[in-house]
Amino acid sequence: MQLQLISFVLILHCMEYTDCQQQPSRHRQHKQIPGVSSGCQGGCLTCSDYNGCLSCKPRLFIFLERNGMRQMGVCLPSCPSGFYGTRSPDRNTCTKCRPECDSCFNKNLCMRCRAGYYLHLGKCQESCPESLVCSDTQRECVPKCPADCDACLINDTCTRCRSGLYLLLGKCHHVCPDEFEPNDKLMECSLQVHCTVGEWGEWSPCSRSGKTCGFKWGEETRTREVVQIPSTYGKPCPPIWEKKECVLKRRRCPGEGKGRKGERRGERRNRDNRRDKDIQGEGRRERKKDRERERGEAGDREDSENRNKTEQRRRRGQNRDPVVSPEGGGPTQ
């Protein structure tokens, strides 16, 4: 309704402006008056040193600015906020809007209200009709917001949702639709961003332990870059590094043949030395066992001899004892 009223007033204003253009302008009919100059600056047709512009060139509006205790006339292409332009055959003037209007198209059509008033059908009112609510942000009478909205615009378009809901395209959602994800900081449904990677690079040279020779098998690797980092709920990035097994072209590194032979000879020498030491140790252990066995056998022989000697002495002692005769006589020789 407001838009229709504004359109109608614009049409009337254009018709009035067309009539003014068709009539002969009187801006050029001013006579030379003492104290009035025609060589003015800034769009003035005639002016004075004390009052500024007295008349303006065609299509410009004369506006009185307060300068201390006096008013100075200036010529403007459009009237400032709080004023509306009025065209007439004599002059184009800027007229102040109603006190409750912050800006207006004419005296009966407000475009924006001052604080404490709300625009409805071109009028600034202190309250809104029952079917509408007052919007302090827009200073207008707007439809009531849906139940999920905390703030809204005309046509039930939400600008802020209740706690725990997410805003998307003027609607409030408990759960964001597919391809969207919740933004808890802004309390909005944001479009998901999926990971994007570039093309694979070239395979690296076949190597192993940082060397491209000296082994039979090695590895080749290649990488690719991440072009777009995914959002929290977006698709993660695929692998950006991979490897495969390969055969080294040169199994023997230049200048390492003689060294390897020397290493092998050194290894054989070490093995031989260790074997010799083991053999020598084994021989020493065997000789030690033989000595212990010989000492044991010698001890056994000595013990046997000692026992034999003891037995012989005991037998000799028995042979020296006298024999008593049965008749009680003396010992027999």
# chains A, B, ... in the order shown; residues from 1 in each chain; ligands from 1
$ residues_around --residues "Val226 of chain A" --least-positions-apart "2" --cutoff "12 Å" --atoms "only C-alpha atoms" --output "list in words"
His194, Cys195, Thr196, Val197, Gly198, Glu199, Trp200, Thr223, Arg224, Gln228, Ile229, Pro230, Pro236, Cys237, Pro238, Pro239, Ile240 and Trp241 of chain A
$ write_last_selection --atoms "all heavy atoms" --output "compact mmCIF listing (two decimals), in the first residue's frame"
# COMPACT_ATOMS: atom_id res chain seq x y z
N HIS A 194 33.88 -28.40 0.53
CA HIS A 194 34.56 -29.68 0.42
C HIS A 194 36.02 -29.48 0.02
O HIS A 194 36.38 -28.48 -0.61
CB HIS A 194 33.86 -30.58 -0.60
CG HIS A 194 32.41 -30.80 -0.31
ND1 HIS A 194 31.95 -31.36 0.86
CD2 HIS A 194 31.29 -30.50 -1.03
CE1 HIS A 194 30.64 -31.43 0.85
NE2 HIS A 194 30.21 -30.90 -0.28
N CYS A 195 36.83 -30.45 0.39
CA CYS A 195 38.27 -30.38 0.06
C CYS A 195 38.47 -30.54 -1.44
O CYS A 195 37.81 -31.34 -2.10
CB CYS A 195 39.03 -31.46 0.82
SG CYS A 195 40.81 -31.46 0.45
N THR A 196 39.39 -29.77 -1.96
CA THR A 196 39.77 -29.86 -3.37
C THR A 196 41.29 -29.98 -3.45
O THR A 196 42.01 -29.22 -2.79
CB THR A 196 39.31 -28.61 -4.15
OG1 THR A 196 37.90 -28.43 -3.95
CG2 THR A 196 39.59 -28.78 -5.63
N VAL A 197 41.76 -30.95 -4.23
CA VAL A 197 43.20 -31.15 -4.39
C VAL A 197 43.58 -30.97 -5.85
O VAL A 197 42.74 -31.07 -6.75
CB VAL A 197 43.62 -32.56 -3.91
CG1 VAL A 197 43.40 -32.69 -2.42
CG2 VAL A 197 42.87 -33.64 -4.66
N GLY A 198 44.85 -30.69 -6.07
CA GLY A 198 45.36 -30.50 -7.43
C GLY A 198 45.77 -31.81 -8.07
O GLY A 198 45.51 -32.90 -7.57
N GLU A 199 46.42 -31.70 -9.21
CA GLU A 199 46.88 -32.87 -9.94
C GLU A 199 48.14 -33.46 -9.28
O GLU A 199 48.89 -32.76 -8.60
CB GLU A 199 47.20 -32.49 -11.40
CG GLU A 199 46.00 -31.99 -12.18
CD GLU A 199 44.95 -33.07 -12.40
OE1 GLU A 199 45.34 -34.26 -12.43
OE2 GLU A 199 43.77 -32.74 -12.53
N TRP A 200 48.35 -34.76 -9.52
CA TRP A 200 49.55 -35.42 -9.00
C TRP A 200 50.79 -34.86 -9.67
O TRP A 200 50.78 -34.57 -10.86
CB TRP A 200 49.48 -36.93 -9.24
CG TRP A 200 48.57 -37.67 -8.32
CD1 TRP A 200 47.36 -38.21 -8.62
CD2 TRP A 200 48.80 -37.96 -6.94
NE1 TRP A 200 46.82 -38.83 -7.52
CE2 TRP A 200 47.69 -38.69 -6.47
CE3 TRP A 200 49.84 -37.68 -6.05
CZ2 TRP A 200 47.58 -39.14 -5.16
CZ3 TRP A 200 49.74 -38.13 -4.73
CH2 TRP A 200 48.63 -38.85 -4.30
N THR A 223 53.45 -36.41 -4.85
CA THR A 223 52.56 -35.64 -3.99
C THR A 223 51.65 -34.74 -4.83
O THR A 223 51.88 -34.55 -6.03
CB THR A 223 53.35 -34.77 -3.00
OG1 THR A 223 54.18 -33.85 -3.75
CG2 THR A 223 54.21 -35.61 -2.09
N ARG A 224 50.63 -34.21 -4.17
CA ARG A 224 49.75 -33.20 -4.77
C ARG A 224 49.32 -32.23 -3.68
O ARG A 224 49.29 -32.57 -2.50
CB ARG A 224 48.53 -33.84 -5.43
CG ARG A 224 47.72 -34.76 -4.51
CD ARG A 224 46.58 -35.40 -5.27
NE ARG A 224 45.84 -36.37 -4.47
CZ ARG A 224 44.82 -37.09 -4.92
NH1 ARG A 224 44.39 -36.92 -6.17
NH2 ARG A 224 44.22 -37.97 -4.14
N GLN A 228 41.73 -26.39 -1.79
CA GLN A 228 40.68 -25.84 -0.94
C GLN A 228 40.59 -26.65 0.35
O GLN A 228 40.36 -27.84 0.32
CB GLN A 228 39.32 -25.85 -1.67
CG GLN A 228 38.14 -25.37 -0.83
CD GLN A 228 38.30 -23.92 -0.43
OE1 GLN A 228 38.38 -23.03 -1.27
NE2 GLN A 228 38.35 -23.65 0.87
N ILE A 229 40.81 -25.99 1.49
CA ILE A 229 40.69 -26.66 2.78
C ILE A 229 39.20 -26.85 3.09
O ILE A 229 38.41 -25.92 2.94
CB ILE A 229 41.37 -25.83 3.87
CG1 ILE A 229 42.86 -25.68 3.56
CG2 ILE A 229 41.17 -26.46 5.24
CD1 ILE A 229 43.59 -24.79 4.53
N PRO A 230 38.78 -28.03 3.53
CA PRO A 230 37.35 -28.26 3.78
C PRO A 230 36.87 -27.56 5.04
O PRO A 230 37.65 -27.23 5.94
CB PRO A 230 37.27 -29.78 3.93
CG PRO A 230 38.62 -30.17 4.44
CD PRO A 230 39.59 -29.22 3.80
N PRO A 236 36.43 -34.60 3.65
CA PRO A 236 37.87 -34.47 3.93
C PRO A 236 38.71 -34.67 2.69
O PRO A 236 38.23 -35.14 1.64
CB PRO A 236 38.12 -35.58 4.96
CG PRO A 236 37.05 -36.59 4.70
CD PRO A 236 35.84 -35.82 4.23
N CYS A 237 39.97 -34.35 2.82
CA CYS A 237 40.89 -34.44 1.68
C CYS A 237 41.31 -35.90 1.45
O CYS A 237 41.53 -36.65 2.40
CB CYS A 237 42.13 -33.59 1.93
SG CYS A 237 41.81 -31.82 2.01
N PRO A 238 41.42 -36.32 0.19
CA PRO A 238 41.98 -37.64 -0.12
C PRO A 238 43.49 -37.63 0.14
O PRO A 238 44.07 -36.59 0.42
CB PRO A 238 41.65 -37.82 -1.60
CG PRO A 238 41.61 -36.42 -2.13
CD PRO A 238 41.06 -35.57 -1.03
N PRO A 239 44.15 -38.82 0.06
CA PRO A 239 45.60 -38.84 0.27
C PRO A 239 46.33 -37.89 -0.69
O PRO A 239 45.99 -37.81 -1.86
CB PRO A 239 45.98 -40.30 0.01
CG PRO A 239 44.72 -41.07 0.27
CD PRO A 239 43.60 -40.18 -0.17
N ILE A 240 47.29 -37.19 -0.16
CA ILE A 240 48.08 -36.25 -0.98
C ILE A 240 49.52 -36.75 -1.14
O ILE A 240 50.36 -36.00 -1.64
CB ILE A 240 48.07 -34.85 -0.37
CG1 ILE A 240 48.64 -34.87 1.06
CG2 ILE A 240 46.65 -34.28 -0.35
CD1 ILE A 240 48.81 -33.48 1.67
N TRP A 241 49.79 -38.01 -0.72
CA TRP A 241 51.13 -38.59 -0.85
C TRP A 241 50.98 -40.08 -1.07
O TRP A 241 50.15 -40.74 -0.43
CB TRP A 241 51.92 -38.31 0.42
CG TRP A 241 53.30 -38.90 0.43
CD1 TRP A 241 54.43 -38.35 -0.06
CD2 TRP A 241 53.69 -40.18 0.97
NE1 TRP A 241 55.51 -39.18 0.13
CE2 TRP A 241 55.08 -40.33 0.76
CE3 TRP A 241 53.00 -41.21 1.58
CZ2 TRP A 241 55.79 -41.44 1.16
CZ3 TRP A 241 53.71 -42.34 1.98
CH2 TRP A 241 55.08 -42.45 1.77
$ residues_around --residues "Gly43 of chain A" --least-positions-apart "4" --cutoff "12 Å" --atoms "only C-alpha atoms" --output "PyMOL selection string"
chain A and resi 38-39+47+52-63+73-77
$ write_last_selection --atoms "N, CA, C and O atoms" --output "mmCIF file, in the first residue's frame"
data_model
loop_
_atom_site.group_PDB
_atom_site.id
_atom_site.type_symbol
_atom_site.label_atom_id
_atom_site.label_comp_id
_atom_site.auth_asym_id
_atom_site.auth_seq_id
_atom_site.Cartn_x
_atom_site.Cartn_y
_atom_site.Cartn_z
ATOM 1 N N SER A 38 24.310 39.628 -10.442
ATOM 2 C CA SER A 38 23.962 38.499 -11.311
ATOM 3 C C SER A 38 25.176 37.612 -11.618
ATOM 4 O O SER A 38 25.041 36.583 -12.253
ATOM 5 N N GLY A 39 26.352 38.013 -11.172
ATOM 6 C CA GLY A 39 27.559 37.203 -11.394
ATOM 7 C C GLY A 39 27.852 36.345 -10.181
ATOM 8 O O GLY A 39 28.889 36.514 -9.536
ATOM 9 N N CYS A 47 22.100 37.110 -6.365
ATOM 10 C CA CYS A 47 22.548 36.941 -4.985
ATOM 11 C C CYS A 47 22.903 38.294 -4.412
ATOM 12 O O CYS A 47 22.990 39.293 -5.118
ATOM 13 N N GLY A 52 23.083 35.925 0.571
ATOM 14 C CA GLY A 52 23.461 34.816 -0.271
ATOM 15 C C GLY A 52 22.606 34.760 -1.526
ATOM 16 O O GLY A 52 22.307 35.789 -2.142
ATOM 17 N N CYS A 53 22.194 33.543 -1.923
ATOM 18 C CA CYS A 53 21.399 33.378 -3.135
ATOM 19 C C CYS A 53 19.989 33.930 -2.924
ATOM 20 O O CYS A 53 19.336 33.662 -1.913
ATOM 21 N N LEU A 54 19.547 34.706 -3.896
ATOM 22 C CA LEU A 54 18.180 35.198 -3.890
ATOM 23 C C LEU A 54 17.301 34.427 -4.859
ATOM 24 O O LEU A 54 16.102 34.286 -4.642
ATOM 25 N N SER A 55 17.875 33.901 -5.912
ATOM 26 C CA SER A 55 17.173 33.047 -6.869
ATOM 27 C C SER A 55 18.192 32.069 -7.450
ATOM 28 O O SER A 55 19.397 32.318 -7.430
ATOM 29 N N CYS A 56 17.669 30.960 -7.964
ATOM 30 C CA CYS A 56 18.543 29.879 -8.443
ATOM 31 C C CYS A 56 18.359 29.679 -9.930
ATOM 32 O O CYS A 56 17.361 30.075 -10.529
ATOM 33 N N LYS A 57 19.326 29.007 -10.487
ATOM 34 C CA LYS A 57 19.234 28.620 -11.884
ATOM 35 C C LYS A 57 18.158 27.549 -12.049
ATOM 36 O O LYS A 57 17.742 26.933 -11.056
ATOM 37 N N PRO A 58 17.692 27.292 -13.258
ATOM 38 C CA PRO A 58 16.621 26.310 -13.458
ATOM 39 C C PRO A 58 16.980 24.938 -12.870
ATOM 40 O O PRO A 58 18.137 24.521 -12.878
ATOM 41 N N ARG A 59 15.941 24.282 -12.341
ATOM 42 C CA ARG A 59 16.007 22.928 -11.751
ATOM 43 C C ARG A 59 16.651 22.882 -10.371
ATOM 44 O O ARG A 59 16.649 21.856 -9.734
ATOM 45 N N LEU A 60 17.227 23.983 -9.869
ATOM 46 C CA LEU A 60 17.826 23.996 -8.546
ATOM 47 C C LEU A 60 16.827 24.525 -7.528
ATOM 48 O O LEU A 60 15.955 25.339 -7.834
ATOM 49 N N PHE A 61 16.950 24.045 -6.293
ATOM 50 C CA PHE A 61 16.077 24.456 -5.200
ATOM 51 C C PHE A 61 16.810 25.452 -4.323
ATOM 52 O O PHE A 61 17.983 25.272 -3.994
ATOM 53 N N ILE A 62 16.092 26.523 -3.920
ATOM 54 C CA ILE A 62 16.678 27.468 -2.988
ATOM 55 C C ILE A 62 16.373 27.013 -1.570
ATOM 56 O O ILE A 62 15.263 26.602 -1.242
ATOM 57 N N PHE A 63 17.414 27.017 -0.759
ATOM 58 C CA PHE A 63 17.290 26.540 0.613
ATOM 59 C C PHE A 63 17.934 27.565 1.529
ATOM 60 O O PHE A 63 19.021 28.068 1.274
ATOM 61 N N GLY A 73 20.794 32.090 1.696
ATOM 62 C CA GLY A 73 20.211 31.274 0.653
ATOM 63 C C GLY A 73 21.278 30.507 -0.122
ATOM 64 O O GLY A 73 22.310 31.068 -0.489
ATOM 65 N N VAL A 74 21.038 29.217 -0.348
ATOM 66 C CA VAL A 74 21.935 28.393 -1.161
ATOM 67 C C VAL A 74 21.088 27.652 -2.179
ATOM 68 O O VAL A 74 19.893 27.400 -1.969
ATOM 69 N N CYS A 75 21.672 27.310 -3.303
ATOM 70 C CA CYS A 75 20.977 26.582 -4.361
ATOM 71 C C CYS A 75 21.486 25.145 -4.402
ATOM 72 O O CYS A 75 22.699 24.918 -4.503
ATOM 73 N N LEU A 76 20.548 24.196 -4.326
ATOM 74 C CA LEU A 76 20.891 22.786 -4.234
ATOM 75 C C LEU A 76 20.165 21.992 -5.309
ATOM 76 O O LEU A 76 19.041 22.339 -5.691
ATOM 77 N N PRO A 77 20.768 20.884 -5.791
ATOM 78 C CA PRO A 77 20.065 20.039 -6.766
ATOM 79 C C PRO A 77 18.917 19.249 -6.140
ATOM 80 O O PRO A 77 17.980 18.850 -6.822
#
$ closest_atom_pairs --of "segment 116-153 of chain A" --to "segment 99-112 of chain A" --cutoff "12 Å" --atoms "only C-alpha atoms" --output "tab-separated table"
residue	atom	partner	partner_atom	distance
A:Gly116	CA	A:Glu100	CA	8.7
A:Tyr117	CA	A:Glu100	CA	6.9
A:Tyr118	CA	A:Arg112	CA	8.2
A:Leu119	CA	A:Arg112	CA	6.6
A:His120	CA	A:Cys110	CA	9.1
A:Leu121	CA	A:Leu109	CA	8.3
A:Gly122	CA	A:Leu109	CA	4.8
A:Lys123	CA	A:Cys110	CA	5.8
A:Cys124	CA	A:Glu100	CA	6.3
A:Gln125	CA	A:Glu100	CA	8.2
A:Glu126	CA	A:Glu100	CA	9.4
A:Asp136	CA	A:Arg112	CA	11.9
A:Thr137	CA	A:Arg112	CA	11.5
A:Gln138	CA	A:Arg112	CA	8.5
A:Arg139	CA	A:Arg112	CA	7.3
A:Glu140	CA	A:Arg112	CA	8.1
A:Cys141	CA	A:Arg112	CA	11.5
$ select_by_dssp --residues "segment 110-264 of chain A" --states "strand (DSSP E or B)" --output "JSON, numbers by chain"
{"A": [110, 111, 112, 113, 118, 119, 120, 123, 124, 125, 132, 133, 134, 135, 140, 141, 142, 143, 149, 150, 151, 152, 158, 159, 160, 161, 166, 167, 168, 171, 172, 173, 180, 181, 182, 183, 188, 189, 190, 191, 196, 197, 207, 208, 211, 213, 217, 218, 219, 220, 221, 222, 223, 226, 227, 228, 241, 242, 243, 244, 245, 246, 247, 250]}
$ atom_distance --atom1 "atom CA of Glu242 of chain A" --atom2 "atom CA of Arg208 of chain A"
15.3 Å
$ atom_distance --atom1 "atom CA of Gln312 of chain A" --atom2 "atom CA of Arg293 of chain A"
28.5 Å
$ atom_distance --atom1 "atom CA of Arg252 of chain A" --atom2 "atom CA of Lys211 of chain A"
10.8 Å
